[in-house]
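Quick look at data.txt (compact mmCIF, C-alpha atoms and all ligand atoms):
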```
# COMPACT_ATOMS: atom_id res chain seq x y z
CA MET I 15 -5.13 17.47 23.65
CA SER I 16 -4.19 21.10 23.46
CA SER I 17 -6.94 23.59 22.68
CA ASN I 18 -4.72 25.83 20.56
CA LYS I 19 -4.14 23.15 17.96
CA LEU I 20 -6.02 23.26 14.67
CA LYS I 21 -9.02 20.96 14.79
CA ILE I 22 -9.13 18.73 11.75
CA GLY I 23 -11.90 16.60 10.27
CA VAL I 24 -11.14 13.83 7.75
CA ILE I 25 -13.91 12.59 5.45
CA GLY I 26 -13.54 9.22 3.68
CA LEU I 27 -11.27 6.82 5.57
CA GLY I 28 -9.92 4.62 2.81
CA MET I 29 -6.56 4.26 1.16
CA VAL I 30 -5.46 7.88 0.70
CA ALA I 31 -6.68 9.00 4.13
CA ASN I 32 -4.66 6.21 5.71
CA ILE I 33 -1.43 6.61 3.80
CA ALA I 34 -1.37 10.41 3.66
CA HIS I 35 -3.83 12.59 5.56
CA LEU I 36 -4.38 10.83 8.89
CA PRO I 37 -0.72 10.01 9.68
CA SER I 38 0.43 13.53 8.76
CA TYR I 39 -2.15 15.27 10.96
CA HIS I 40 -1.45 12.78 13.72
CA ARG I 41 2.28 13.54 13.59
CA SER I 42 1.94 17.32 13.36
CA PRO I 43 2.44 19.29 16.58
CA ASP I 44 -0.02 21.89 15.19
CA THR I 45 -3.09 19.73 14.56
CA GLU I 46 -5.37 17.30 16.27
CA ILE I 47 -7.74 15.01 14.40
CA TRP I 48 -10.98 16.21 15.98
CA ALA I 49 -13.32 13.93 14.03
CA VAL I 50 -13.52 11.49 11.14
CA ALA I 51 -16.45 10.42 8.96
CA ASP I 52 -17.17 7.49 6.67
CA PRO I 53 -20.37 5.61 5.85
CA LEU I 54 -18.42 2.35 6.29
CA GLU I 55 -18.34 1.42 9.96
CA SER I 56 -15.25 -0.80 9.71
CA HIS I 57 -13.22 2.08 8.25
CA CYS I 58 -14.41 4.41 11.02
CA LYS I 59 -13.43 1.91 13.69
CA LYS I 60 -10.00 1.33 12.20
CA ALA I 61 -9.19 5.06 11.99
CA GLN I 62 -10.58 5.71 15.45
CA LYS I 63 -8.43 2.98 16.95
CA SER I 64 -5.23 3.80 15.03
CA TYR I 65 -5.31 7.51 15.82
CA ASN I 66 -7.21 7.60 19.09
CA ILE I 67 -9.99 9.81 17.72
CA GLU I 68 -12.98 10.60 19.90
CA LYS I 69 -15.57 11.81 17.42
CA VAL I 70 -16.77 9.62 14.59
CA TYR I 71 -19.56 10.50 12.21
CA LYS I 72 -21.29 8.06 9.91
CA ASP I 73 -22.78 10.93 7.94
CA PRO I 74 -20.01 13.17 6.52
CA ASN I 75 -22.38 16.17 6.54
CA ASP I 76 -22.47 16.00 10.33
CA LEU I 77 -18.69 16.35 10.40
CA ILE I 78 -18.84 19.26 7.95
CA ASP I 79 -21.41 20.96 10.20
CA ASP I 80 -19.38 20.43 13.39
CA PRO I 81 -18.68 24.02 14.54
CA GLU I 82 -15.45 23.03 16.32
CA ILE I 83 -13.64 22.01 13.15
CA ASP I 84 -11.20 24.43 11.48
CA ALA I 85 -10.16 22.43 8.43
CA ILE I 86 -11.25 19.37 6.51
CA SER I 87 -9.53 16.79 4.33
CA ILE I 88 -11.92 15.44 1.69
CA CYS I 89 -10.84 11.88 0.86
CA SER I 90 -14.21 10.49 -0.24
CA PRO I 91 -14.84 9.03 -3.72
CA HIS I 92 -14.79 11.53 -6.61
CA TRP I 93 -18.55 12.00 -6.84
CA ALA I 94 -18.81 13.30 -3.28
CA HIS I 95 -16.08 15.98 -3.49
CA SER I 96 -17.90 19.00 -4.88
CA LYS I 97 -20.97 18.89 -2.61
CA GLN I 98 -18.86 18.25 0.48
CA ALA I 99 -16.44 21.04 -0.45
CA ILE I 100 -19.23 23.57 -1.04
CA ARG I 101 -20.85 22.74 2.28
CA ALA I 102 -17.48 22.94 4.08
CA ALA I 103 -16.62 26.28 2.42
CA ASN I 104 -20.01 27.71 3.40
CA ASN I 105 -19.28 26.61 6.97
CA GLY I 106 -15.97 28.51 6.83
CA LYS I 107 -13.71 25.43 6.95
CA HIS I 108 -10.38 25.32 5.11
CA ILE I 109 -10.20 22.43 2.65
CA LEU I 110 -7.62 19.99 1.35
CA CYS I 111 -9.52 18.15 -1.40
CA GLU I 112 -8.44 15.01 -3.18
CA LYS I 113 -8.33 14.94 -6.95
CA PRO I 114 -10.32 14.96 -9.15
CA ILE I 115 -11.87 17.87 -7.22
CA GLY I 116 -15.17 17.39 -9.09
CA LEU I 117 -16.75 15.49 -11.95
CA ASN I 118 -17.49 18.40 -14.29
CA LEU I 119 -16.61 22.06 -14.67
CA ASP I 120 -20.07 23.35 -13.68
CA ASP I 121 -19.78 21.71 -10.28
CA VAL I 122 -16.21 22.96 -9.86
CA ASP I 123 -17.26 26.49 -10.75
CA LYS I 124 -19.83 26.32 -7.95
CA MET I 125 -17.03 25.19 -5.61
CA ILE I 126 -14.89 28.12 -6.73
CA LYS I 127 -17.73 30.55 -5.98
CA ALA I 128 -18.18 29.11 -2.48
CA VAL I 129 -14.43 29.20 -1.79
CA GLU I 130 -14.11 32.81 -2.99
CA LYS I 131 -17.23 33.99 -1.17
CA ASN I 132 -16.14 32.50 2.13
CA ASN I 133 -12.47 33.40 1.70
CA ILE I 134 -11.21 30.03 2.87
CA ILE I 135 -8.03 28.17 1.89
CA PHE I 136 -8.63 25.43 -0.65
CA GLN I 137 -5.71 23.24 -1.64
CA THR I 138 -5.98 20.63 -4.38
CA ALA I 139 -4.34 17.39 -3.28
CA THR I 140 -2.13 16.87 -6.31
CA GLN I 141 0.82 16.01 -4.11
CA LYS I 142 3.25 15.16 -6.90
CA ARG I 143 4.23 18.85 -7.05
CA PHE I 144 5.60 18.38 -3.54
CA ASP I 145 7.84 15.52 -4.60
CA PRO I 146 11.38 16.88 -4.08
CA GLY I 147 12.36 15.26 -7.41
CA PHE I 148 9.54 16.91 -9.36
CA GLN I 149 10.28 20.21 -7.62
CA TYR I 150 13.95 19.81 -8.64
CA ILE I 151 12.82 19.27 -12.25
CA LYS I 152 10.61 22.39 -12.07
CA GLU I 153 13.52 24.49 -10.80
CA LYS I 154 15.85 23.14 -13.50
CA ILE I 155 13.27 23.76 -16.23
CA VAL I 156 12.99 27.38 -15.03
CA GLU I 157 16.83 27.66 -15.07
CA LYS I 158 16.90 26.04 -18.53
CA VAL I 159 19.45 23.49 -17.31
CA ILE I 160 18.37 21.00 -20.00
CA GLY I 161 17.81 23.77 -22.54
CA ASP I 162 14.40 24.13 -24.14
CA VAL I 163 12.16 21.17 -23.32
CA PHE I 164 10.58 19.72 -26.44
CA HIS I 165 9.22 16.37 -25.27
CA VAL I 166 7.91 14.79 -22.08
CA SER I 167 6.58 11.30 -21.82
CA VAL I 168 5.04 9.41 -18.91
CA PHE I 169 4.27 5.69 -18.74
CA TRP I 170 2.19 4.70 -15.70
CA TYR I 171 0.09 1.64 -14.97
CA HIS I 172 -1.38 -0.40 -12.15
CA SER I 173 -2.19 -4.05 -12.67
CA MET I 174 -5.80 -4.47 -11.50
CA PRO I 175 -7.28 -7.92 -10.93
CA ASP I 176 -10.20 -9.05 -13.05
CA LEU I 177 -12.93 -9.67 -10.49
CA GLY I 178 -15.31 -11.23 -13.00
CA GLU I 179 -18.84 -10.27 -13.96
CA ASN I 180 -20.47 -9.55 -10.60
CA PRO I 181 -17.78 -8.95 -8.01
CA ARG I 182 -18.69 -8.61 -4.36
CA LYS I 183 -18.96 -5.02 -3.06
CA GLU I 184 -16.34 -5.65 -0.36
CA LEU I 185 -13.88 -6.98 -2.93
CA ILE I 186 -14.39 -3.93 -5.15
CA GLN I 187 -13.78 -1.67 -2.15
CA GLU I 188 -10.71 -3.63 -1.08
CA VAL I 189 -8.89 -3.23 -4.38
CA GLY I 190 -10.30 0.21 -5.21
CA LEU I 191 -11.97 -1.03 -8.37
CA TRP I 192 -14.96 1.31 -7.83
CA ARG I 193 -13.12 3.80 -10.04
CA MET I 194 -13.95 1.65 -13.04
CA THR I 195 -17.10 -0.10 -11.92
CA ASP I 196 -19.19 2.63 -10.26
CA ASP I 197 -21.24 4.69 -12.65
CA ARG I 198 -21.29 7.63 -10.22
CA CYS I 199 -17.60 8.31 -11.08
CA ARG I 200 -18.52 9.50 -14.61
CA GLY I 201 -15.04 8.52 -15.73
CA GLY I 202 -12.56 5.76 -15.06
CA ASP I 203 -8.82 5.40 -14.74
CA LEU I 204 -7.99 8.65 -16.54
CA LEU I 205 -10.24 10.71 -14.27
CA ASP I 206 -8.47 9.13 -11.32
CA HIS I 207 -4.84 9.38 -12.45
CA GLY I 208 -4.75 12.03 -15.20
CA PRO I 209 -5.12 14.98 -12.77
CA HIS I 210 -1.69 14.23 -11.25
CA TYR I 211 0.40 14.53 -14.38
CA PHE I 212 -1.80 17.13 -16.10
CA ASP I 213 -1.13 19.23 -13.01
CA LEU I 214 2.63 18.63 -13.22
CA PHE I 215 2.71 19.35 -16.96
CA ARG I 216 0.87 22.66 -16.45
CA TRP I 217 3.21 23.55 -13.60
CA TRP I 218 6.28 22.81 -15.73
CA PHE I 219 5.12 24.09 -19.11
CA GLY I 220 2.13 26.40 -18.53
CA ASP I 221 -1.44 26.18 -19.78
CA VAL I 222 -2.49 23.42 -22.16
CA ALA I 223 -3.42 24.51 -25.70
CA ASP I 224 -5.00 21.32 -27.04
CA VAL I 225 -5.67 17.68 -26.22
CA SER I 226 -5.87 14.54 -28.40
CA ALA I 227 -6.76 11.22 -26.90
CA LYS I 228 -7.27 7.56 -27.65
CA ILE I 229 -9.14 5.97 -24.76
CA ARG I 230 -10.33 2.38 -24.39
CA ARG I 231 -12.34 0.14 -22.11
CA ILE I 232 -10.29 -3.05 -22.48
CA ASN I 233 -12.14 -5.03 -19.79
CA GLU I 234 -15.78 -4.90 -20.77
CA ASN I 235 -17.05 -5.80 -17.32
CA ARG I 236 -15.94 -2.34 -16.18
CA VAL I 237 -18.38 0.53 -16.70
CA ASN I 238 -15.63 3.08 -17.29
CA GLU I 239 -12.45 3.20 -19.34
CA ASP I 240 -9.26 1.55 -18.14
CA HIS I 241 -6.67 2.49 -20.76
CA SER I 242 -5.63 5.76 -22.40
CA THR I 243 -2.96 7.60 -24.34
CA ILE I 244 -3.12 11.38 -24.32
CA LEU I 245 -1.19 13.93 -26.36
CA LEU I 246 -0.94 17.54 -25.19
CA SER I 247 0.51 20.76 -26.52
CA PHE I 248 0.96 23.98 -24.56
CA LYS I 249 0.13 27.64 -25.13
CA GLU I 250 3.49 29.19 -24.24
CA ASN I 251 5.86 26.26 -24.59
CA ASN I 252 6.82 24.18 -27.57
CA ALA I 253 6.88 20.89 -25.65
CA ILE I 254 4.85 17.85 -26.67
CA ALA I 255 3.54 15.73 -23.78
CA VAL I 256 2.56 12.07 -24.06
CA PHE I 257 0.72 10.46 -21.15
CA GLU I 258 0.19 6.68 -21.21
CA ARG I 259 -1.98 5.32 -18.45
CA SER I 260 -3.53 1.90 -17.94
CA GLU I 261 -5.21 -0.46 -15.53
CA ALA I 262 -5.45 -3.09 -18.24
CA PHE I 263 -1.76 -4.10 -18.37
CA PHE I 264 -0.36 -7.20 -16.69
CA GLY I 265 2.57 -6.74 -14.35
CA GLY I 266 3.28 -6.02 -10.71
CA VAL I 267 0.16 -4.99 -8.75
CA TYR I 268 1.58 -1.53 -8.14
CA GLY I 269 2.73 -1.31 -11.74
CA GLU I 270 5.30 1.14 -12.98
CA GLU I 271 5.49 4.92 -13.13
CA LYS I 272 8.30 6.27 -15.27
CA GLY I 273 8.98 9.34 -17.33
CA ARG I 274 11.44 11.28 -19.45
CA ILE I 275 11.80 14.98 -20.08
CA HIS I 276 13.88 15.82 -23.11
CA GLY I 277 15.42 19.24 -23.68
CA THR I 278 17.82 20.61 -26.26
CA LYS I 279 20.74 20.22 -23.80
CA GLY I 280 19.79 17.19 -21.73
CA THR I 281 17.24 14.72 -20.45
CA PHE I 282 15.76 13.83 -17.06
CA TYR I 283 14.71 10.23 -16.44
CA PHE I 284 12.48 9.54 -13.45
CA ASN I 285 11.15 6.39 -11.82
CA VAL I 286 8.51 6.83 -9.12
CA PRO I 287 8.24 4.09 -6.46
CA ASN I 288 4.66 3.29 -5.43
CA GLU I 289 3.16 5.21 -2.49
CA TYR I 290 3.49 2.29 -0.08
CA LYS I 291 7.28 2.14 -0.52
CA LYS I 292 7.61 5.59 1.08
CA LYS I 293 10.77 6.32 -0.88
CA PRO I 294 11.86 9.33 -2.97
CA LEU I 295 11.77 9.05 -6.73
CA GLU I 296 14.85 8.01 -8.66
CA LEU I 297 16.13 10.79 -10.86
CA GLN I 298 18.88 10.85 -13.44
CA LYS I 299 20.13 13.59 -15.68
CA PHE I 300 21.86 13.07 -18.99
CA ALA I 301 23.58 16.10 -20.52
CA LYS I 302 24.77 16.78 -24.03
CA LYS I 303 28.52 16.57 -24.53
CA THR I 304 30.93 17.46 -27.31
CA LYS I 305 30.67 15.95 -30.77
CA LEU I 306 31.97 12.42 -30.21
CA SER I 307 31.72 11.89 -26.47
CA LYS I 308 28.76 10.17 -24.81
CA PRO I 309 26.21 12.24 -22.86
CA SER I 310 27.19 12.62 -19.21
CA LYS I 311 25.07 10.76 -16.66
CA GLU I 312 24.31 12.10 -13.19
CA HIS I 313 22.29 10.50 -10.42
CA ILE I 314 20.43 13.24 -8.52
CA SER I 315 20.28 12.36 -4.85
CA LEU I 316 17.16 13.40 -2.98
CA SER I 317 16.29 13.56 0.72
CA GLN I 318 15.43 10.19 2.33
CA ASP I 319 13.67 11.87 5.27
CA PRO I 320 10.02 10.64 5.48
CA GLN I 321 9.01 14.25 6.26
CA ASP I 322 10.21 15.18 2.77
CA LEU I 323 8.00 12.69 0.95
CA PRO I 324 5.29 14.29 -1.21
CA TYR I 325 2.25 13.60 1.00
CA ALA I 326 4.04 14.81 4.14
CA ARG I 327 5.17 18.04 2.43
CA GLU I 328 1.67 18.57 1.00
CA LEU I 329 0.05 18.27 4.44
CA ARG I 330 2.72 20.35 6.18
CA THR I 331 2.15 23.07 3.59
CA PHE I 332 -1.63 23.01 4.10
CA ILE I 333 -1.15 23.40 7.85
CA ASN I 334 1.37 26.24 7.39
CA ARG I 335 -1.04 28.07 5.11
CA ILE I 336 -3.90 27.86 7.60
CA LEU I 337 -1.60 29.14 10.34
CA GLY I 338 -0.44 31.98 8.08
CA ARG I 339 3.19 30.86 8.30
CA SER I 340 5.87 30.95 5.65
CA ASN I 341 6.52 27.56 4.11
CA GLU I 342 10.27 27.74 4.61
CA ASP I 343 10.45 24.61 6.76
CA VAL I 344 8.92 22.63 3.87
CA GLY I 345 11.07 24.38 1.26
CA PHE I 346 8.20 24.75 -1.18
CA PRO I 347 7.27 28.26 -2.42
CA LEU I 348 3.67 29.16 -1.58
CA GLU I 349 3.02 30.45 -5.10
CA TRP I 350 3.51 26.89 -6.37
CA VAL I 351 0.91 25.28 -4.10
CA PRO I 352 -1.89 23.71 -6.20
CA THR I 353 -5.01 25.87 -5.93
CA ILE I 354 -8.65 25.22 -6.75
CA TYR I 355 -7.97 26.83 -10.15
CA ASP I 356 -5.20 24.28 -10.76
CA GLY I 357 -7.61 21.51 -9.75
CA ARG I 358 -10.13 22.86 -12.25
CA ALA I 359 -7.51 23.10 -15.00
CA GLY I 360 -6.36 19.49 -14.47
CA LEU I 361 -9.95 18.29 -14.63
CA GLU I 362 -10.53 20.32 -17.79
CA VAL I 363 -7.69 18.42 -19.51
CA VAL I 364 -9.22 15.09 -18.45
CA LEU I 365 -12.65 16.10 -19.77
CA ALA I 366 -11.09 17.42 -22.99
CA ALA I 367 -9.42 14.01 -23.44
CA TYR I 368 -12.81 12.29 -23.09
CA GLU I 369 -14.27 14.75 -25.61
CA SER I 370 -11.39 14.05 -27.98
CA GLN I 371 -12.15 10.33 -27.82
CA ARG I 372 -15.91 10.86 -28.14
CA LEU I 373 -15.65 13.20 -31.13
CA ASN I 374 -12.48 11.68 -32.60
CA LYS I 375 -10.72 15.03 -32.93
CA THR I 376 -8.23 17.32 -31.23
CA ILE I 377 -9.90 19.55 -28.62
CA LYS I 378 -8.70 23.09 -28.13
CA LEU I 379 -8.95 24.59 -24.65
CA PRO I 380 -10.92 26.19 -23.08
CA LEU I 381 -13.35 23.31 -23.27
CA THR I 382 -16.71 24.42 -24.61
CA THR I 383 -18.64 21.14 -24.86
CA TYR I 384 -18.59 18.00 -22.78
CA GLN I 385 -20.66 14.82 -22.64
CA PRO I 386 -19.58 11.79 -20.61
CA ILE I 387 -18.79 8.73 -22.73
CA LYS I 388 -21.28 5.87 -22.32
CA TRP I 389 -19.04 2.83 -22.77
CA SER I 390 -21.95 0.42 -22.54
CA GLU I 391 -23.34 1.95 -25.75
CA GLY I 392 -20.04 1.45 -27.56
CA CYS I 393 -17.60 4.18 -28.51
N1 LIG P 401 -3.59 12.02 -4.16
C1 LIG P 401 -3.41 10.73 -4.32
O1 LIG P 401 -2.31 10.24 -4.54
C2 LIG P 401 -4.58 9.81 -4.20
C3 LIG P 401 -4.37 8.44 -3.97
C4 LIG P 401 -5.50 7.62 -3.84
C5 LIG P 401 -6.76 8.16 -3.96
N2 LIG P 401 -6.92 9.50 -4.22
C6 LIG P 401 -8.26 10.08 -4.33
O2 LIG P 401 -8.87 10.06 -3.05
C7 LIG P 401 -10.24 9.69 -3.16
C8 LIG P 401 -10.46 8.43 -2.32
O3 LIG P 401 -9.70 7.37 -2.88
P1 LIG P 401 -9.23 6.11 -2.01
O4 LIG P 401 -8.25 5.38 -2.84
O5 LIG P 401 -8.82 6.53 -0.66
O6 LIG P 401 -10.57 5.29 -1.99
P2 LIG P 401 -11.04 4.20 -0.93
O7 LIG P 401 -12.12 3.44 -1.57
O8 LIG P 401 -9.88 3.46 -0.37
O9 LIG P 401 -11.66 5.10 0.24
C9 LIG P 401 -12.79 5.91 0.07
C10 LIG P 401 -13.56 5.95 1.38
O10 LIG P 401 -14.64 6.85 1.24
C11 LIG P 401 -15.78 6.27 1.86
N3 LIG P 401 -16.98 6.88 1.29
C12 LIG P 401 -17.84 6.40 0.37
N4 LIG P 401 -18.80 7.32 0.10
C13 LIG P 401 -18.52 8.40 0.88
C14 LIG P 401 -19.12 9.66 1.06
N5 LIG P 401 -20.19 10.03 0.37
N6 LIG P 401 -18.56 10.51 1.93
C15 LIG P 401 -17.47 10.17 2.64
N7 LIG P 401 -16.83 8.98 2.49
C16 LIG P 401 -17.37 8.12 1.63
C17 LIG P 401 -15.63 4.78 1.61
O11 LIG P 401 -16.40 4.03 2.53
C18 LIG P 401 -14.14 4.60 1.79
O12 LIG P 401 -13.80 4.35 3.13
C19 LIG P 401 -10.52 9.51 -4.64
O13 LIG P 401 -11.11 10.67 -5.16
C20 LIG P 401 -9.15 9.28 -5.25
O14 LIG P 401 -9.03 9.73 -6.57
C21 LIG P 401 -5.86 10.31 -4.31
```

Give the structure from this file in C-alpha cells form.
Ligand SMILES: NC(=O)c1ccc[n+]([C@@H]2O[C@H](COP(=O)([O-])OP(=O)(O)OC[C@H]3O[C@@H](n4cnc5c(N)ncnc54)[C@H](O)[C@@H]3O)[C@@H](O)[C@H]2O)c1
Amino acid sequence: MSSNKLKIGVIGLGMVANIAHLPSYHRSPDTEIWAVADPLESHCKKAQKSYNIEKVYKDPNDLIDDPEIDAISICSPHWAHSKQAIRAANNGKHILCEKPIGLNLDDVDKMIKAVEKNNIIFQTATQKRFDPGFQYIKEKIVEKVIGDVFHVSVFWYHSMPDLGENPRKELIQEVGLWRMTDDRCRGGDLLDHGPHYFDLFRWWFGDVADVSAKIRRINENRVNEDHSTILLSFKENNAIAVFERSEAFFGGVYGEEKGRIHGTKGTFYFNVPNEYKKKPLELQKFAKKTKLSKPSKEHISLSQDPQDLPYARELRTFINRILGRSNEDVGFPLEWVPTIYDGRAGLEVVLAAYESQRLNKTIKLPLTTYQPIKWSEGC
C-alpha cells in the first residue's frame, strides 16, 4: 500500500458498492480502499475478502470519523444518505453519494450547507451521464444534429418477484425489495429510479417547468408505489418527456430499459443493457430524408472498453476531481459532472411527481409543498 494514494471509505456494501464503487477504487492506481462499513456482517466479510481490506466498521459513523480517510462513497439505503453526507462533509471528506441523495428537500438543503461550508467535493452518483452513448446524445442535441427535440420517451422496468405477505428479511435484502417494503424510504420505485432519467432530461433539455404524474401501488403488500408514468415539460426547451417506470410488470428479471428522442430532423433510439452485462448501450440514429425516401438508419458504435462504462467513468472522474486533475483521460467535461445541486433538482422532480399524484394536478416547479403519500390509507 502506498501512502500517497487517496484513502477511500465505502459505506453500504450491497449491490451498487459491489458492481461499481469497490471494483473501480480497487483498480485505480490512485486510490486504496482504506475501510468499509456496513451493519450487515456478511456483507463486510465479503467485501473485506474480495478486496483485501484491513479496516472494517460495523457502525458507518466510525468510518466517517476515521481521520485517515480522504473521500467516501455513500452506498447505503436512501434514508441514511443525508445524515452520513453531512457528517462526512463536516469531517472534511469528499463525497460520492448514491441517488436519491436525500428523502426531502429540507434534508438536502442541510447537506448543501455542509458541503459549501466545508468546501468539499460532492458528486451525485447519477452515472448515466457518463454513459458514452448518453454523452453522445448530449453532444448531438447541443449541435442540433436531430434538429429541435420535441419528444423524449423512456420505458424502463424490472420484474420483481412477489415475496408474499410477510417475506423474510434476508430475502428482501437479497432481491433489493426494501425499496418498496421499508417505510423509511418514504417513496418506492420512482424515488429509486426516477433520479437517473430526471437528471439526464435536465442535462439534455435544461430545468423542468412542470410535472404531471399517475403513480400506483399495484402490489398491495408493498408499502410504497411500484408503478408510475410521469410527464415533464421544460423551462427553456419545447420538448415533452414521458417516463414510464415499473416494478409491477412481468418479464425478464432485469427488465428492459429503452428510449427514443425525437427531433425535427431525426430520432435516436437507445436500448440500455442491464448493469450486470457490462456492455455499452445500443444506439441508433434515424435521419429525415427527401420527400419519398425512407429515413436513413445509422448504428452508432461506442467503445467496448470496460473502463469506458458509465460506473467506471463516474468513479475515474470523482478521483480526478479530488486530485485536481483535468478529466481528459475520461473524456467527460468537468462542467457536466452531476453536482449536489443536480442531485437536489432530480429529487425535486420525484417529489413533484408524488405531489402531482397526491393532489391530482400538474405541479409547477419550484416545489412549494410536499407530503409523502400514505399508500396504506389509499390514494
Ligand atoms: N447508481 C445506480 O445505478 C444505483 C444502483 C443500485 C442502487 N443505487 C442506490 O444505492 C443505494 C444502495 O442500493 P443497493 O442496491 O446497493 O442496496 P443493497 O441493499 O444491495 O445494499 C445496501 C447496503 O447498505 C447496508 N446498510 C443498511 N443500513 C445502512 C446504514 N445505515 N449505513 C450503511 N449501510 C447500511 C445494507 O446492509 C446493505 O449491505 C440506494 O440508495 C440505491 O438507490 C444506485

Exercise for the section: For a cut-off of 6 Å around (-16.1, 8.8, -17.2), file coordinates, pick out all residues using all atoms listed in the file and list them as JSON, numbers by chain. Expected result: {"I": [200, 201, 202, 238, 386]}

Exercise for the section: Report the distance between CA of Ala253 (chain I) and CA of Asp162 (chain I) in Å, rounded to one decimal place. Expected result: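 CA of Ala253 (chain I) sits 8.3 Å away from CA of Asp162 (chain I).
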
Around all of region 240-254 of chain I's listed atoms, make the axis-aligned box with 8 Å on each side and tell me centre and edge lengths in Å to one decimal, as lines of an AutoDock Vina configuration file.
```
center_x = -1.2
center_y = 15.4
center_z = -22.9
size_x = 32.1
size_y = 43.6
size_z = 25.4
```

Practice task
Enter the distance from atom O8 of ligand LIG 401 (chain P) to CA of Lys124 (chain I), in Å, rounded to one decimal.
Solution key: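 Separation of atom O8 of ligand LIG 401 (chain P) and CA of Lys124 (chain I): 26.1 Å.
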
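Take CA of Asn118 (chain I) and CA of Lys272 (chain I): the distance between them is 28.5 Å.
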
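A distance cut-off of 6 Å from ligand LIG 401 (chain P), applied to all atoms listed in the file, picks out the residues Ile25, Gly26, Leu27, Gly28, Met29, Val30, Ala31, Asp52, Pro53, Leu54, His57, Pro74, Cys89, Ser90, Pro91, His92, Ala94, Glu112, Lys113, Pro114, Ala139, Thr140, Gln141, Gln187, Gly190 and Asp206 of chain I.
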
Handout entry: Pick from I:Ile377, I:Ala85, I:Ala103, I:Val50, whichever lies nearest to Glu68 (chain I) using only C-alpha atoms
Key = I:Val50

Practice task
Would you list the contacts of Ile135 (chain I) as a PyMOL selection string, taking every protein, DNA or RNA residue within 8 Å and counting only C-alpha atoms, but skipping same-chain residues closer than 3 positions in sequence?
Solution key: chain I and resi 108-109+129+335-336

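Proximity of I:His165, I:His241, I:Lys69, I:Lys60 to Glu46 (chain I), computed with only C-alpha atoms, is greatest for I:Lys69.
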
Repair of region 201-212 of chain I at the level of N, CA and C atoms, as a short mmCIF file (atom, residue, chain, number, x, y, z; two decimals), in the coordinates of the input:
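Written out: result.cif:
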```
data_model
loop_
_atom_site.label_atom_id
_atom_site.label_comp_id
_atom_site.auth_asym_id
_atom_site.auth_seq_id
_atom_site.Cartn_x
_atom_site.Cartn_y
_atom_site.Cartn_z
N GLY I 201 -16.32 8.62 -15.05
CA GLY I 201 -15.04 8.52 -15.73
C GLY I 201 -14.29 7.42 -15.03
N GLY I 202 -13.26 6.88 -15.65
CA GLY I 202 -12.56 5.76 -15.06
C GLY I 202 -11.15 6.08 -14.64
N ASP I 203 -10.22 5.29 -15.16
CA ASP I 203 -8.82 5.40 -14.74
C ASP I 203 -8.22 6.77 -15.05
N LEU I 204 -8.59 7.35 -16.18
CA LEU I 204 -7.99 8.65 -16.54
C LEU I 204 -8.45 9.75 -15.59
N LEU I 205 -9.71 9.71 -15.21
CA LEU I 205 -10.24 10.71 -14.27
C LEU I 205 -9.51 10.59 -12.92
N ASP I 206 -9.13 9.38 -12.59
CA ASP I 206 -8.47 9.13 -11.32
C ASP I 206 -6.99 9.55 -11.36
N HIS I 207 -6.29 9.17 -12.43
CA HIS I 207 -4.84 9.38 -12.45
C HIS I 207 -4.36 10.55 -13.31
N GLY I 208 -5.15 10.91 -14.33
CA GLY I 208 -4.75 12.03 -15.20
C GLY I 208 -4.48 13.32 -14.43
N PRO I 209 -5.33 13.69 -13.44
CA PRO I 209 -5.12 14.98 -12.77
C PRO I 209 -3.71 15.17 -12.20
N HIS I 210 -3.05 14.09 -11.81
CA HIS I 210 -1.69 14.23 -11.25
C HIS I 210 -0.71 14.79 -12.28
N TYR I 211 -0.62 14.09 -13.42
CA TYR I 211 0.40 14.53 -14.38
C TYR I 211 -0.05 15.74 -15.19
N PHE I 212 -1.36 15.91 -15.40
CA PHE I 212 -1.80 17.13 -16.10
C PHE I 212 -1.46 18.35 -15.23
#
```
